[in-house]
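S.K.: One structure, as structure tokens, below. Some questions next.
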Amino acid sequence: MPSHPSRRVDPLTVEVVELIGTVVARYHEEYEHAAASHQLTGAQARVLNLLSLEPMAMRRIAQKLKCEPSNITGIVDRLETRGLVERRPDPADRRVKLAAPTEEGLQTADRLRESLDFAREPLAGLSAEERAVLRDLLKRMLG
């Protein structure tokens with residue numbers, strides 16, 4: 001059977017794709033572990049982390065996390081029950097409710113970030129210049 005050049009993948013590309021997959025898998029595994037140490041699911045931790053940057057509407061959270069708004073409503077409900085998030089009117093449009101972290105929610109998000117050392121440790125082995133190159137390459141890959 002003749003091989004088609006368009007179907008050939010060079011070994012370097014295969015290795016890079018496998019390494020990216022390994023990094024992503026390790027990130028998710030460590031993130032879930034860190035979230036569990038704060039009695040949160042990974043999804044709850046991601047929402048809380050996002051809200052710690054700025055309050056936002058459910059629809060915007062769903063867009064950022066690429067999931068259904070109905071899923072976000074349930075996650076925010078559970079975070080609200082725990083006292084980590086509150087709903088408040090959007091100053092720009094009083095009909096819209098924003099999810100915002102409480103003081104305890106902000107502290108929990110900070111502690112969660114501090115416990116996520118899986119990315120910092122390998123990156124610490126790179127110089128500032130190497131980290132900048134990696135960042136720029138990743139941005140280029142993402143368009």
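Please note that chains go A, B, ... in the order of the structure tokens, that every chain numbers its residues from 1, and that ligands are numbered from 1 in the order shown.
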Quick check for you: according to DSSP on this backbone, which residues of range 2-115 of chain A are classed as alpha helix (DSSP H)? Reply as a PyMOL selection string.
M.R.: chain A and resi 11-37+42-53+58-65+69-81+103-115
S.K.: May I have the residues within 9 Å of range 24-36 of chain A as number ranges by chain, using only C-alpha atoms and disregarding those fewer than 2 positions away in the same chain?
M.R.: A: 19-22, 38-46, 112-113, 115-119
S.K.: Residues as selected, all heavy atoms, written as a compact mmCIF listing (two decimals), in the first residue's frame, can you do that?
M.R.:
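The file below, selection14.txt, is the result:
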# COMPACT_ATOMS: atom_id res chain seq x y z
N LEU A 19 3.92 15.09 24.37
CA LEU A 19 4.37 15.87 25.53
C LEU A 19 3.30 16.87 25.97
O LEU A 19 3.04 17.03 27.17
CB LEU A 19 5.69 16.58 25.24
CG LEU A 19 6.92 15.68 25.17
CD1 LEU A 19 8.11 16.42 24.58
CD2 LEU A 19 7.26 15.14 26.56
N ILE A 20 2.67 17.53 25.00
CA ILE A 20 1.59 18.46 25.34
C ILE A 20 0.47 17.70 26.04
O ILE A 20 -0.07 18.15 27.05
CB ILE A 20 1.08 19.21 24.09
CG1 ILE A 20 2.14 20.20 23.60
CG2 ILE A 20 -0.24 19.93 24.38
CD1 ILE A 20 1.82 20.83 22.25
N GLY A 21 0.11 16.53 25.51
CA GLY A 21 -0.92 15.70 26.14
C GLY A 21 -0.57 15.32 27.56
O GLY A 21 -1.42 15.35 28.45
N THR A 22 0.69 14.99 27.80
CA THR A 22 1.15 14.63 29.14
C THR A 22 1.05 15.82 30.09
O THR A 22 0.60 15.68 31.23
CB THR A 22 2.59 14.09 29.09
OG1 THR A 22 2.62 12.96 28.22
CG2 THR A 22 3.09 13.70 30.47
N HIS A 38 -9.49 21.25 49.05
CA HIS A 38 -10.30 22.37 49.54
C HIS A 38 -11.79 22.02 49.52
O HIS A 38 -12.64 22.91 49.53
CB HIS A 38 -10.03 23.62 48.70
CG HIS A 38 -8.63 24.11 48.81
ND1 HIS A 38 -8.18 24.86 49.87
CD2 HIS A 38 -7.55 23.92 48.01
CE1 HIS A 38 -6.89 25.12 49.71
NE2 HIS A 38 -6.49 24.56 48.60
N GLN A 39 -12.08 20.70 49.45
CA GLN A 39 -13.45 20.18 49.41
C GLN A 39 -14.26 20.78 48.24
O GLN A 39 -15.43 21.10 48.37
CB GLN A 39 -14.21 20.42 50.73
CG GLN A 39 -13.68 19.62 51.90
CD GLN A 39 -12.41 20.22 52.48
OE1 GLN A 39 -12.34 21.41 52.72
NE2 GLN A 39 -11.40 19.39 52.68
N LEU A 40 -13.59 20.91 47.09
CA LEU A 40 -14.22 21.41 45.87
C LEU A 40 -14.05 20.38 44.77
O LEU A 40 -13.08 19.63 44.77
CB LEU A 40 -13.57 22.71 45.41
CG LEU A 40 -13.66 23.92 46.32
CD1 LEU A 40 -12.72 25.02 45.84
CD2 LEU A 40 -15.09 24.44 46.38
N THR A 41 -14.99 20.38 43.82
CA THR A 41 -14.77 19.61 42.60
C THR A 41 -13.86 20.46 41.70
O THR A 41 -13.70 21.67 41.92
CB THR A 41 -16.10 19.34 41.87
OG1 THR A 41 -16.64 20.59 41.42
CG2 THR A 41 -17.10 18.61 42.75
N GLY A 42 -13.31 19.84 40.69
CA GLY A 42 -12.48 20.59 39.74
C GLY A 42 -13.27 21.70 39.09
O GLY A 42 -12.77 22.82 38.92
N ALA A 43 -14.53 21.42 38.73
CA ALA A 43 -15.37 22.43 38.08
C ALA A 43 -15.65 23.60 39.04
O ALA A 43 -15.59 24.76 38.63
CB ALA A 43 -16.68 21.80 37.61
N GLN A 44 -15.93 23.29 40.30
CA GLN A 44 -16.17 24.36 41.28
C GLN A 44 -14.92 25.21 41.44
O GLN A 44 -15.01 26.45 41.50
CB GLN A 44 -16.57 23.77 42.63
CG GLN A 44 -17.95 23.16 42.64
CD GLN A 44 -18.23 22.39 43.92
OE1 GLN A 44 -17.32 21.96 44.64
NE2 GLN A 44 -19.51 22.18 44.21
N ALA A 45 -13.77 24.57 41.49
CA ALA A 45 -12.51 25.31 41.65
C ALA A 45 -12.26 26.21 40.45
O ALA A 45 -11.83 27.36 40.60
CB ALA A 45 -11.35 24.33 41.83
N ARG A 46 -12.54 25.70 39.23
CA ARG A 46 -12.33 26.52 38.03
C ARG A 46 -13.25 27.74 38.03
O ARG A 46 -12.82 28.85 37.70
CB ARG A 46 -12.52 25.68 36.77
CG ARG A 46 -11.30 24.80 36.48
CD ARG A 46 -11.40 24.08 35.15
NE ARG A 46 -12.31 22.95 35.18
CZ ARG A 46 -12.01 21.76 35.69
NH1 ARG A 46 -10.83 21.54 36.22
NH2 ARG A 46 -12.89 20.78 35.67
N LEU A 112 -6.07 27.92 46.89
CA LEU A 112 -6.08 26.95 45.80
C LEU A 112 -4.93 27.23 44.83
O LEU A 112 -4.18 26.33 44.47
CB LEU A 112 -7.43 27.00 45.07
CG LEU A 112 -7.63 26.03 43.93
CD1 LEU A 112 -7.58 24.59 44.42
CD2 LEU A 112 -8.96 26.29 43.24
N ARG A 113 -4.78 28.49 44.44
CA ARG A 113 -3.68 28.86 43.53
C ARG A 113 -2.32 28.53 44.15
O ARG A 113 -1.42 28.05 43.47
CB ARG A 113 -3.75 30.33 43.17
CG ARG A 113 -4.58 30.61 41.92
CD ARG A 113 -4.39 32.03 41.41
NE ARG A 113 -4.98 33.03 42.29
CZ ARG A 113 -6.26 33.35 42.29
NH1 ARG A 113 -7.09 32.78 41.46
NH2 ARG A 113 -6.71 34.26 43.12
N SER A 115 -1.64 26.18 46.15
CA SER A 115 -1.40 24.74 46.21
C SER A 115 -1.16 24.12 44.82
O SER A 115 -0.86 22.94 44.72
CB SER A 115 -2.57 24.04 46.92
OG SER A 115 -3.77 24.19 46.20
N LEU A 116 -1.29 24.92 43.78
CA LEU A 116 -1.07 24.42 42.41
C LEU A 116 0.39 24.64 42.01
O LEU A 116 0.71 25.53 41.25
CB LEU A 116 -2.01 25.14 41.43
CG LEU A 116 -3.49 24.90 41.63
CD1 LEU A 116 -4.30 25.79 40.70
CD2 LEU A 116 -3.84 23.44 41.39
N ASP A 117 1.25 23.79 42.54
CA ASP A 117 2.68 23.97 42.25
C ASP A 117 3.17 23.11 41.10
O ASP A 117 4.31 23.22 40.68
CB ASP A 117 3.52 23.71 43.50
CG ASP A 117 3.28 22.34 44.07
OD1 ASP A 117 2.52 21.54 43.48
OD2 ASP A 117 3.87 22.03 45.12
N PHE A 118 2.31 22.25 40.55
CA PHE A 118 2.74 21.36 39.48
C PHE A 118 3.24 22.13 38.27
O PHE A 118 4.10 21.65 37.55
CB PHE A 118 1.61 20.42 39.08
CG PHE A 118 0.42 21.16 38.52
CD1 PHE A 118 0.31 21.43 37.18
CD2 PHE A 118 -0.59 21.59 39.37
CE1 PHE A 118 -0.78 22.12 36.68
CE2 PHE A 118 -1.68 22.29 38.88
CZ PHE A 118 -1.77 22.55 37.53
N ALA A 119 2.69 23.29 37.99
CA ALA A 119 3.14 24.08 36.84
C ALA A 119 4.36 24.91 37.21
O ALA A 119 5.28 25.05 36.43
CB ALA A 119 2.02 24.98 36.33
S.K.: Could you pull the residues within 9 Å of Leu84 in chain A, counting only C-alpha atoms, minus those fewer than 3 positions along the same chain, as a ChimeraX atom specification?
M.R.: /A:48,78-81,100-106,108
S.K.: Which is closest to Gln63 in chain A among A:Val76, A:Leu134, A:Leu12, A:Val47, if we use only C-alpha atoms?
M.R.: A:Val47
S.K.: Identify, on the basis of only C-alpha atoms, every residue whose closest approach to Arg94 in chain A does not exceed 12 Å; exclude the query and any residue fewer than 6 positions from it along the same chain; express the result as a list in words.
M.R.: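 In the requested form, the answer reads Ala57, Arg87 and Arg88 of chain A.
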S.K.: Please produce an output containing N, CA and C atoms for each residue in the selection, written as a CSV table (one decimal), in the first residue's frame.
M.R.:
chain,number,residue,atom,x,y,z
A,57,ALA,N,-21.4,37.2,34.8
A,57,ALA,CA,-22.7,36.6,34.6
A,57,ALA,C,-22.5,35.1,34.2
A,87,ARG,N,-24.6,36.0,44.6
A,87,ARG,CA,-25.1,36.6,43.4
A,87,ARG,C,-25.5,38.1,43.7
A,88,ARG,N,-25.2,39.0,42.8
A,88,ARG,CA,-25.5,40.4,43.0
A,88,ARG,C,-25.9,41.0,41.6
S.K.: Which is closest to Val85 in chain A among A:Ala62, A:Ala128, A:Leu138, A:Leu98, if we use only C-alpha atoms?
M.R.: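 Result for the nearest residue to Val85 in chain A: A:Leu98.
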S.K.: Smallest atom-to-atom distance to Pro91 in chain A: which of A:Ile75, A:Met56, A:Val16, A:Leu123, using only C-alpha atoms?
M.R.: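 The answer is A:Met56, which sits nearest to Pro91 in chain A.
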S.K.: What separation in Å, quoted to one decimal, exists between CA of Val96 in chain A and CA of Arg82 in chain A?
M.R.: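 One can read the CA of Val96 in chain A to CA of Arg82 in chain A distance as 22.3 Å.
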S.K.: Looking only at the backbone, which of the residues in chain A does DSSP tag as strand (DSSP E), as a PyMOL selection string?
M.R.: chain A and resi 56-57+85-90+93-101
